[in-house]
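Below is entry.cif, holding mmCIF, C-alpha atoms.
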data_entry
#
loop_
_atom_site.label_atom_id
_atom_site.label_comp_id
_atom_site.auth_asym_id
_atom_site.auth_seq_id
_atom_site.Cartn_x
_atom_site.Cartn_y
_atom_site.Cartn_z
CA MET A 1 -56.68 185.95 22.71
CA THR A 2 -60.03 185.39 24.43
CA ARG A 3 -61.03 188.02 26.98
CA LEU A 4 -64.08 188.34 29.18
CA PHE A 5 -66.69 191.01 28.41
CA LEU A 6 -65.95 193.12 31.47
CA PRO A 7 -64.99 196.77 31.92
CA GLU A 8 -61.30 197.41 32.50
CA THR A 9 -61.97 199.20 35.80
CA ALA A 10 -64.26 198.08 38.65
CA PRO A 11 -65.78 195.06 36.87
CA VAL A 12 -67.32 193.59 40.02
CA GLU A 13 -68.96 196.88 40.97
CA ALA A 14 -70.45 197.16 37.47
CA ALA A 15 -71.80 193.62 37.59
CA VAL A 16 -73.36 194.03 41.03
CA ARG A 17 -74.96 197.32 39.96
CA GLY A 18 -76.35 195.57 36.90
CA LEU A 19 -77.78 192.77 39.04
CA ALA A 20 -79.48 195.24 41.37
CA LEU A 21 -80.87 197.21 38.43
CA ALA A 22 -82.28 193.99 36.96
CA HIS A 23 -84.05 193.07 40.22
CA PRO A 24 -85.06 196.34 41.91
CA ASP A 25 -87.99 194.62 43.64
CA LEU A 26 -85.69 192.09 45.33
CA LEU A 27 -82.34 193.75 46.01
CA HIS A 28 -80.98 196.90 47.57
CA LEU A 29 -77.48 197.92 46.49
CA HIS A 30 -74.94 199.34 48.94
CA GLN A 31 -71.92 200.73 47.12
CA ASP A 32 -69.44 201.78 49.84
CA PRO A 33 -68.62 199.20 50.97
CA LEU A 34 -70.09 196.96 48.29
CA TYR A 35 -72.84 194.52 49.27
CA VAL A 36 -76.49 193.74 48.51
CA THR A 37 -79.39 193.15 50.88
CA ALA A 38 -82.86 191.71 50.46
CA ARG A 39 -85.73 194.20 50.27
CA ASP A 40 -88.14 191.76 51.92
CA ARG A 41 -87.94 189.00 54.50
CA ASP A 42 -90.32 186.86 56.50
CA PRO A 43 -91.38 188.65 59.70
CA ARG A 44 -90.78 185.45 61.67
CA ARG A 45 -87.06 185.56 60.86
CA ARG A 46 -85.01 186.37 63.99
CA VAL A 47 -81.54 185.89 62.51
CA GLY A 48 -79.94 187.59 59.52
CA LEU A 49 -78.34 185.19 57.03
CA LEU A 50 -75.24 186.44 55.22
CA SER A 51 -72.84 184.80 52.80
CA GLY A 52 -70.28 185.91 50.27
CA GLY A 53 -66.97 185.24 48.63
CA GLY A 54 -65.02 185.92 45.49
CA SER A 55 -66.82 186.98 42.34
CA GLY A 56 -66.78 184.81 39.22
CA HIS A 57 -69.16 182.24 40.74
CA GLU A 58 -72.44 184.00 39.92
CA PRO A 59 -75.24 183.45 40.75
CA LEU A 60 -73.52 182.45 44.02
CA HIS A 61 -74.02 184.37 46.32
CA THR A 62 -75.73 187.56 45.20
CA GLY A 63 -78.28 185.67 43.13
CA PHE A 64 -79.57 183.95 46.26
CA VAL A 65 -80.40 187.10 48.20
CA GLY A 66 -84.11 187.50 48.79
CA ARG A 67 -87.06 186.29 50.81
CA GLY A 68 -86.58 182.66 51.80
CA MET A 69 -82.79 182.59 51.39
CA LEU A 70 -80.04 185.12 52.19
CA ASP A 71 -80.55 188.54 53.72
CA ALA A 72 -77.22 189.83 52.39
CA SER A 73 -74.28 188.93 50.19
CA VAL A 74 -70.77 190.43 50.10
CA PRO A 75 -68.89 190.04 46.80
CA GLY A 76 -65.11 190.14 46.66
CA ARG A 77 -62.88 190.65 43.64
CA VAL A 78 -62.77 187.80 41.13
CA PHE A 79 -61.71 184.66 43.02
CA ALA A 80 -60.78 186.77 46.08
CA SER A 81 -62.33 187.11 49.51
CA PRO A 82 -64.48 190.14 50.33
CA HIS A 83 -62.93 192.66 52.71
CA ASN A 84 -63.83 192.31 56.37
CA ARG A 85 -65.38 195.82 56.31
CA GLN A 86 -67.91 194.62 53.72
CA VAL A 87 -68.82 191.65 55.91
CA TYR A 88 -69.06 193.82 59.01
CA GLU A 89 -71.25 196.54 57.48
CA ALA A 90 -73.55 194.06 55.72
CA SER A 91 -73.91 192.05 58.92
CA ARG A 92 -74.90 195.13 60.90
CA ALA A 93 -77.46 195.98 58.22
CA VAL A 94 -79.26 192.61 58.36
CA ALA A 95 -78.71 191.35 61.92
CA GLY A 96 -81.96 190.24 63.51
CA GLU A 97 -83.03 190.28 67.14
CA ASP A 98 -80.98 187.10 67.68
CA GLY A 99 -77.97 188.17 65.64
CA VAL A 100 -76.46 187.16 62.31
CA LEU A 101 -75.24 183.87 60.85
CA HIS A 102 -72.29 183.80 58.42
CA ILE A 103 -72.25 181.04 55.79
CA VAL A 104 -68.59 180.70 54.77
CA LYS A 105 -66.91 178.49 52.19
CA ASN A 106 -63.74 176.83 53.43
CA TYR A 107 -61.06 179.06 51.92
CA THR A 108 -58.35 180.74 53.94
CA GLY A 109 -59.13 184.32 52.91
CA ASP A 110 -62.85 183.93 53.56
CA ARG A 111 -62.24 182.40 56.97
CA ILE A 112 -59.88 185.21 57.96
CA ASN A 113 -62.03 188.13 56.77
CA PHE A 114 -65.31 186.75 58.06
CA GLY A 115 -63.53 186.05 61.34
CA ILE A 116 -62.28 189.63 61.69
CA ALA A 117 -65.78 190.93 60.96
CA ALA A 118 -67.25 188.56 63.55
CA GLU A 119 -64.88 189.90 66.21
CA ARG A 120 -65.97 193.46 65.43
CA LEU A 121 -69.64 192.49 65.57
CA ARG A 122 -69.22 190.82 68.97
CA ALA A 123 -67.50 193.96 70.21
CA ASP A 124 -70.65 195.84 69.17
CA GLY A 125 -72.82 193.41 71.14
CA ILE A 126 -74.20 191.63 68.07
CA ARG A 127 -74.42 187.85 68.32
CA VAL A 128 -72.74 186.07 65.42
CA ARG A 129 -71.94 182.49 64.52
CA ARG A 130 -70.45 180.76 61.48
CA VAL A 131 -71.33 177.77 59.33
CA LEU A 132 -68.30 176.47 57.41
CA VAL A 133 -69.08 174.64 54.16
CA ASP A 134 -66.46 172.02 53.23
CA ASP A 135 -67.91 169.52 50.78
CA ASP A 136 -65.23 169.04 48.07
CA LEU A 137 -63.91 165.49 48.06
CA ALA A 138 -61.03 166.46 45.76
CA THR A 139 -59.31 168.12 48.71
CA GLU A 140 -60.13 165.50 51.33
CA ASP A 141 -56.49 164.56 51.78
CA GLU A 142 -54.11 164.46 54.72
CA THR A 143 -51.64 166.55 52.72
CA THR A 144 -54.19 169.37 52.30
CA ALA A 145 -53.70 171.60 55.32
CA THR A 146 -56.96 173.51 54.87
CA GLY A 147 -59.21 170.47 54.42
CA ARG A 148 -62.11 170.10 52.00
CA ARG A 149 -62.98 173.22 49.98
CA GLY A 150 -66.46 174.70 50.01
CA THR A 151 -68.22 174.23 46.66
CA GLY A 152 -71.69 173.29 45.40
CA ALA A 153 -73.13 172.35 48.78
CA THR A 154 -73.11 176.06 49.65
CA VAL A 155 -76.31 176.49 47.62
CA ILE A 156 -78.01 173.67 49.51
CA VAL A 157 -76.89 175.08 52.86
CA GLU A 158 -78.19 178.54 51.97
CA LYS A 159 -81.56 177.24 50.80
CA LEU A 160 -82.18 174.98 53.79
CA LEU A 161 -81.08 177.59 56.30
CA GLY A 162 -83.27 180.16 54.60
CA GLY A 163 -86.31 177.93 54.93
CA ALA A 164 -85.46 177.14 58.55
CA ALA A 165 -84.82 180.79 59.45
CA ASP A 166 -88.30 181.68 58.19
CA THR A 167 -89.82 179.40 60.84
CA GLY A 168 -88.30 181.53 63.59
CA LEU A 169 -85.33 179.38 64.65
CA GLY A 170 -82.69 181.11 66.76
CA LEU A 171 -79.01 181.69 66.02
CA ASP A 172 -77.66 178.64 67.82
CA GLU A 173 -80.27 176.36 66.28
CA LEU A 174 -79.50 177.64 62.78
CA ALA A 175 -75.73 177.42 63.27
CA ASP A 176 -75.99 173.84 64.49
CA LEU A 177 -78.34 172.98 61.62
CA GLY A 178 -76.02 174.52 59.04
CA THR A 179 -73.10 172.54 60.42
CA GLU A 180 -75.17 169.34 60.12
CA ILE A 181 -76.11 170.15 56.50
CA ALA A 182 -72.50 170.82 55.54
CA ALA A 183 -71.40 167.59 57.22
CA ALA A 184 -74.06 165.66 55.27
CA SER A 185 -72.88 167.02 51.89
CA ARG A 186 -70.13 165.99 49.47
CA SER A 187 -69.16 167.15 45.96
CA VAL A 188 -66.70 166.54 43.14
CA ALA A 189 -66.14 168.43 39.87
CA VAL A 190 -64.43 167.83 36.52
CA ALA A 191 -63.40 170.20 33.72
CA SER A 192 -62.51 169.73 30.07
CA ARG A 193 -61.48 173.35 29.48
CA ALA A 194 -60.05 175.97 31.80
CA HIS A 195 -61.65 179.32 32.51
CA THR A 196 -60.50 182.52 30.88
CA SER A 197 -57.96 184.37 33.00
CA PRO A 198 -59.72 187.58 34.08
CA ALA A 199 -56.45 189.51 34.23
CA GLN A 200 -54.36 188.31 31.29
CA GLY A 201 -57.01 186.78 29.02
CA GLY A 202 -56.59 183.40 27.38
CA ARG A 203 -57.04 180.06 29.08
CA ALA A 204 -55.72 179.73 32.63
CA PHE A 205 -54.24 176.35 31.69
CA GLU A 206 -54.31 174.00 28.74
CA LEU A 207 -55.86 170.57 28.37
CA GLY A 208 -55.76 168.15 25.48
CA ASP A 209 -58.94 167.27 23.62
CA ASP A 210 -59.09 163.87 25.33
CA GLU A 211 -58.11 165.06 28.82
CA LEU A 212 -60.06 166.02 31.96
CA GLU A 213 -59.13 167.70 35.21
CA TYR A 214 -60.72 165.35 37.75
CA GLY A 215 -61.28 167.24 41.01
CA VAL A 216 -61.06 170.82 39.74
CA GLY A 217 -61.78 173.73 42.12
CA ILE A 218 -64.30 176.54 41.76
CA HIS A 219 -61.54 179.15 41.56
CA GLY A 220 -60.16 177.35 38.55
CA GLU A 221 -57.64 175.41 40.61
CA ARG A 222 -56.21 172.50 38.67
CA ALA A 223 -56.98 169.05 39.94
CA ALA A 224 -54.43 166.82 41.60
CA ARG A 225 -54.40 164.80 38.39
CA THR A 226 -55.29 165.04 34.74
CA VAL A 227 -57.02 161.92 33.41
CA ALA A 228 -57.97 160.52 30.03
CA ARG A 229 -61.54 161.49 29.18
CA PRO A 230 -63.84 158.45 29.42
CA PRO A 231 -67.33 158.08 27.92
CA LEU A 232 -69.94 160.18 29.74
CA GLU A 233 -71.68 157.20 31.36
CA GLU A 234 -68.42 155.90 32.82
CA LEU A 235 -67.39 159.35 34.03
CA VAL A 236 -70.71 160.17 35.71
CA ASP A 237 -70.94 156.75 37.35
CA ARG A 238 -67.42 157.16 38.74
CA MET A 239 -68.20 160.62 40.12
CA ALA A 240 -71.57 159.62 41.56
CA ARG A 241 -70.08 156.57 43.25
CA GLN A 242 -67.27 158.64 44.76
CA VAL A 243 -69.69 161.23 46.15
CA LEU A 244 -72.14 158.60 47.41
CA ASP A 245 -69.34 156.65 49.10
CA GLY A 246 -67.95 159.90 50.51
CA LEU A 247 -71.09 160.70 52.49
CA PRO A 248 -70.84 160.03 56.23
CA ARG A 249 -73.57 157.40 56.02
CA ARG A 250 -75.32 155.46 53.28
CA PRO A 251 -78.50 157.41 52.48
CA ASP A 252 -81.96 156.27 51.46
CA ASP A 253 -82.77 159.75 50.12
CA VAL A 254 -80.58 162.57 48.79
CA LEU A 255 -80.74 166.12 47.57
CA LEU A 256 -78.89 166.32 44.26
CA LEU A 257 -77.21 169.26 42.55
CA VAL A 258 -75.84 168.91 39.02
CA GLY A 259 -73.96 172.15 38.49
CA GLY A 260 -72.33 173.64 35.43
CA LEU A 261 -68.96 175.36 35.80
CA GLY A 262 -69.78 178.24 33.46
CA ALA A 263 -69.58 177.15 29.82
CA THR A 264 -71.46 173.86 30.05
CA THR A 265 -74.77 173.78 28.21
CA LEU A 266 -78.09 172.70 29.69
CA LEU A 267 -78.19 170.00 27.02
CA GLU A 268 -75.09 168.51 28.63
CA LEU A 269 -76.22 169.07 32.23
CA TYR A 270 -79.58 167.38 31.70
CA ALA A 271 -77.81 164.42 30.08
CA VAL A 272 -75.55 164.23 33.15
CA HIS A 273 -78.60 164.46 35.41
CA ASP A 274 -80.27 161.59 33.56
CA ARG A 275 -77.21 159.40 34.08
CA VAL A 276 -76.85 160.33 37.76
CA ARG A 277 -80.48 159.41 38.34
CA HIS A 278 -79.96 156.10 36.55
CA PHE A 279 -76.97 155.37 38.81
CA LEU A 280 -78.77 156.34 42.02
CA ASP A 281 -81.85 154.34 41.05
CA ALA A 282 -79.64 151.28 40.61
CA GLN A 283 -78.19 151.90 44.07
CA GLY A 284 -81.65 152.13 45.65
CA VAL A 285 -81.21 155.83 46.50
CA ARG A 286 -84.21 158.11 46.00
CA VAL A 287 -83.72 161.70 44.86
CA ALA A 288 -85.96 163.78 47.11
CA GLY A 289 -85.03 167.11 45.50
CA GLN A 290 -82.75 168.29 42.73
CA LEU A 291 -81.21 171.32 41.05
CA VAL A 292 -79.80 171.25 37.53
CA GLY A 293 -78.10 174.33 36.14
CA THR A 294 -75.24 176.76 36.63
CA PHE A 295 -75.17 177.83 40.28
CA VAL A 296 -71.47 177.82 41.32
CA PRO A 297 -69.37 178.31 38.17
CA ALA A 298 -65.71 179.19 37.78
CA LEU A 299 -66.23 182.02 35.28
CA ASP A 300 -66.46 180.26 31.88
CA MET A 301 -64.89 176.90 32.71
CA SER A 302 -66.26 173.94 30.78
CA GLY A 303 -67.20 171.16 33.18
CA PHE A 304 -69.67 170.12 35.83
CA SER A 305 -69.97 169.18 39.48
CA LEU A 306 -72.08 166.68 41.41
CA THR A 307 -73.27 167.35 44.96
CA LEU A 308 -75.23 165.01 47.22
CA THR A 309 -76.74 165.86 50.59
CA THR A 310 -78.35 163.35 52.94
CA PRO A 311 -81.44 165.15 54.28
CA GLY A 312 -82.37 165.13 57.95
CA GLU A 313 -85.65 165.71 59.74
CA ARG A 314 -87.69 168.61 58.30
CA TRP A 315 -85.00 169.39 55.72
CA LEU A 316 -87.26 168.57 52.78
CA ASP A 317 -89.90 170.99 54.09
CA TRP A 318 -87.26 173.73 54.12
CA TRP A 319 -85.96 172.67 50.70
CA HIS A 320 -89.41 173.08 49.15
CA ALA A 321 -90.29 176.22 51.12
CA PRO A 322 -90.93 179.31 48.94
CA ALA A 323 -87.95 181.45 47.98
CA ARG A 324 -87.94 184.59 45.87
CA THR A 325 -84.46 185.54 44.71
CA PRO A 326 -82.91 186.46 41.36
CA ALA A 327 -81.54 182.97 40.71
CA PHE A 328 -83.08 180.19 42.81
CA PRO A 329 -85.68 178.19 40.84
CA VAL A 330 -89.00 176.81 42.03
CA THR A 331 -88.42 173.30 43.40
CA GLN A 332 -91.89 172.28 44.55
CA PRO A 333 -92.55 168.67 43.44
CA LEU A 334 -95.62 167.96 41.34
CA ALA A 335 -97.50 164.73 42.04
CA GLY A 336 -97.35 162.14 39.30
CA THR A 337 -94.48 163.71 37.36
CA GLU A 338 -91.74 161.18 38.11
CA PRO A 339 -90.51 159.83 34.75
CA THR A 340 -90.50 156.10 34.17
CA ARG A 341 -87.52 154.18 32.85
#
Structure encoded using structure tokens:
Amino acid sequence: MTRLFLPETAPVEAAVRGLALAHPDLLHLHQDPLYVTARDRDPRRRVGLLSGGGSGHEPLHTGFVGRGMLDASVPGRVFASPHNRQVYEASRAVAGEDGVLHIVKNYTGDRINFGIAAERLRADGIRVRRVLVDDDLATEDETTATGRRGTGATVIVEKLLGGAADTGLGLDELADLGTEIAAASRSVAVASRAHTSPAQGGRAFELGDDELEYGVGIHGERAARTVARPPLEELVDRMARQVLDGLPRRPDDVLLLVGGLGATTLLELYAVHDRVRHFLDAQGVRVAGQLVGTFVPALDMSGFSLTLTTPGERWLDWWHAPARTPAFPVTQPLAGTEPTR
């Protein structure tokens, strides 16, 4: 039976210690309660940016702590919300002169625990607001009481808010901006193989060789339906069309994230990216910025997600602004490098 290479006790603590040891120039580790903070931030920043959630999605969120992005991240147990004490203590540690902004994925546990921490912070006189990320089209259904889940768009929200915060924007401006970014983002994901169960080992669920979970969640949640696996071009076109049509308005430009779910190779992800670009080109939609890689996995699930964001005014400046974190790549465009077809 397949098992993950994790210690039997305190696996999250061990992983976060290992991350901090690998990046001592970027991260400061706090062990009780567990969270990480950035060692450096732009002196113009007036608001602390904090995010977090269940572990198993690395590099989200701890890998995006550093100058230009998050000031702190709070990791929970695998696929479980962090405790409100973690959120509270980390928020106090990074709050700026105008308070702290929580970036929260739309899951019930995260909403509850970040909410409790926010109440405690307000009682201490610290200003706090929340940005709720809810981009997953697979749960945009009247029967889903919680609404769309927060998935790949979280990375885009964190990067854009980091760039904006470094220009000196205040708490209310950043909260409103983050809400606009989340509203302008949609995602969908598919999987051909389930993740390994962190507790029992073995696959969390079984799929046939010619089957896909269409609309899988980042906690390994099964999709509403299992479908026959089509050729890659047909699958990517279907997903890209769904996400494009799911945006609030038809865009001229987009930010694109092609994200692996844990066990998907870069060979596959770049092939997916090539097809998405072909589809968007045919639709007359320009890609103004892109990320290709594993940013929001579900442990070792085999599959990928597509995220599109319609950028607003100044968003591209913030997208290309410098960031120095363990996991966010350089995204500055180079003139004359657009491939021809």
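Taking CA of Ala189 (chain A) and CA of Thr264 (chain A) as the two end points, the separation is 12.4 Å.
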Skipping near chain neighbours, those fewer than 4 positions away, what residues fall within 12 Å of region 176-182 of chain A using all atoms listed in the file, listed as a tab-separated table (two decimals) with C-alpha atoms, keeping the file's coordinate frame?
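Full text of selection_9.tsv as output:
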chain	number	residue	atom	x	y	z
A	49	LEU	CA	-78.34	185.19	57.03
A	101	LEU	CA	-75.24	183.87	60.85
A	102	HIS	CA	-72.29	183.80	58.42
A	103	ILE	CA	-72.25	181.04	55.79
A	104	VAL	CA	-68.59	180.70	54.77
A	105	LYS	CA	-66.91	178.49	52.19
A	106	ASN	CA	-63.74	176.83	53.43
A	129	ARG	CA	-71.94	182.49	64.52
A	130	ARG	CA	-70.45	180.76	61.48
A	131	VAL	CA	-71.33	177.77	59.33
A	132	LEU	CA	-68.30	176.47	57.41
A	133	VAL	CA	-69.08	174.64	54.16
A	134	ASP	CA	-66.46	172.02	53.23
A	135	ASP	CA	-67.91	169.52	50.78
A	136	ASP	CA	-65.23	169.04	48.07
A	148	ARG	CA	-62.11	170.10	52.00
A	149	ARG	CA	-62.98	173.22	49.98
A	150	GLY	CA	-66.46	174.70	50.01
A	151	THR	CA	-68.22	174.23	46.66
A	152	GLY	CA	-71.69	173.29	45.40
A	153	ALA	CA	-73.13	172.35	48.78
A	154	THR	CA	-73.11	176.06	49.65
A	155	VAL	CA	-76.31	176.49	47.62
A	156	ILE	CA	-78.01	173.67	49.51
A	157	VAL	CA	-76.89	175.08	52.86
A	158	GLU	CA	-78.19	178.54	51.97
A	159	LYS	CA	-81.56	177.24	50.80
A	160	LEU	CA	-82.18	174.98	53.79
A	161	LEU	CA	-81.08	177.59	56.30
A	162	GLY	CA	-83.27	180.16	54.60
A	163	GLY	CA	-86.31	177.93	54.93
A	164	ALA	CA	-85.46	177.14	58.55
A	165	ALA	CA	-84.82	180.79	59.45
A	169	LEU	CA	-85.33	179.38	64.65
A	170	GLY	CA	-82.69	181.11	66.76
A	171	LEU	CA	-79.01	181.69	66.02
A	172	ASP	CA	-77.66	178.64	67.82
A	186	ARG	CA	-70.13	165.99	49.47
A	187	SER	CA	-69.16	167.15	45.96
A	247	LEU	CA	-71.09	160.70	52.49
A	248	PRO	CA	-70.84	160.03	56.23
A	254	VAL	CA	-80.58	162.57	48.79
A	255	LEU	CA	-80.74	166.12	47.57
A	307	THR	CA	-73.27	167.35	44.96
A	308	LEU	CA	-75.23	165.01	47.22
A	309	THR	CA	-76.74	165.86	50.59
A	310	THR	CA	-78.35	163.35	52.94
A	311	PRO	CA	-81.44	165.15	54.28
A	312	GLY	CA	-82.37	165.13	57.95
A	313	GLU	CA	-85.65	165.71	59.74
A	314	ARG	CA	-87.69	168.61	58.30
A	315	TRP	CA	-85.00	169.39	55.72
A	316	LEU	CA	-87.26	168.57	52.78
A	318	TRP	CA	-87.26	173.73	54.12
A	319	TRP	CA	-85.96	172.67	50.70
So what does the PyMOL selection byres ((chain A and resi 302) around 6) actually pick up in this one, as an mmCIF file with C-alpha atoms, keeping the file's coordinate frame?
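Saved to part17.cif:
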data_model
loop_
_atom_site.group_PDB
_atom_site.id
_atom_site.type_symbol
_atom_site.label_atom_id
_atom_site.label_comp_id
_atom_site.auth_asym_id
_atom_site.auth_seq_id
_atom_site.Cartn_x
_atom_site.Cartn_y
_atom_site.Cartn_z
ATOM 1 C CA ALA A 191 -63.400 170.200 33.720
ATOM 2 C CA SER A 192 -62.510 169.730 30.070
ATOM 3 C CA ARG A 193 -61.480 173.350 29.480
ATOM 4 C CA LEU A 261 -68.960 175.360 35.800
ATOM 5 C CA ALA A 263 -69.580 177.150 29.820
ATOM 6 C CA THR A 264 -71.460 173.860 30.050
ATOM 7 C CA MET A 301 -64.890 176.900 32.710
ATOM 8 C CA GLY A 303 -67.200 171.160 33.180
#
Check which residues satisfy the PyMOL selection byres ((chain A and resi 195) around 7) in the file shown, then give them as a PyMOL selection string.
-> chain A and resi 193-194+196-197+203-204+220+298-301
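Using only C-alpha atoms, the shortest contact distance between Thr167 (chain A) and any of A:Gly54, A:Gly68, A:Pro297, A:Gly202 is found at A:Gly68.
When CA of Phe64 (chain A) is paired with CA of Gly259 (chain A), their separation reads 15.2 Å.
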Evaluate the PyMOL selection byres ((chain A and resi 273) around 10) and report residues as JSON, numbers by chain = {"A": [236, 256, 257, 258, 259, 268, 269, 270, 271, 272, 274, 275, 276, 277, 278, 279, 290, 291, 292, 293, 306]}
How big is the axis-aligned box around all listed atoms of region 167-171 of chain A once 5 Å goes on each side, and where's its centre, in Å to one decimal, as lines of an AutoDock Vina configuration file?
center_x = -84.4
center_y = 180.5
center_z = 63.8
size_x = 20.8
size_y = 12.3
size_z = 15.9
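As for CA of Leu27 (chain A) and CA of Leu70 (chain A), they are spaced 10.9 Å apart.
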Which one is closest to Leu50 (chain A): A:Phe79, A:Phe114, A:Phe205, A:Tyr214? Count only C-alpha atoms.
-> A:Phe114
Residue contacts of Ala80 (chain A) (10 Å, only C-alpha atoms) excluding same-chain residues fewer than 5 positions away, as a PDB file with C-alpha atoms, in the frame of the given file:
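The result, written out as part-v2.pdb:
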ATOM      1  CA  GLY A  53     -66.970 185.240  48.630  1.00  0.00           C
ATOM      2  CA  GLY A  54     -65.020 185.920  45.490  1.00  0.00           C
ATOM      3  CA  SER A  55     -66.820 186.980  42.340  1.00  0.00           C
ATOM      4  CA  GLY A  56     -66.780 184.810  39.220  1.00  0.00           C
ATOM      5  CA  PRO A  75     -68.890 190.040  46.800  1.00  0.00           C
ATOM      6  CA  TYR A 107     -61.060 179.060  51.920  1.00  0.00           C
ATOM      7  CA  GLY A 109     -59.130 184.320  52.910  1.00  0.00           C
ATOM      8  CA  ASP A 110     -62.850 183.930  53.560  1.00  0.00           C
ATOM      9  CA  HIS A 219     -61.540 179.150  41.560  1.00  0.00           C
TER      10      HIS A 219
END
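The nearest approach to Val47 (chain A) among the residues A:His83, A:Arg120, A:Arg17, A:Arg92, with only C-alpha atoms taken into account, belongs to A:Arg92.
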Point (-79.7, 195.7, 63.6), cut-off 12 Å, counting only C-alpha atoms, residues as a PyMOL selection string | chain A and resi 46-48+88-100+121+124-127
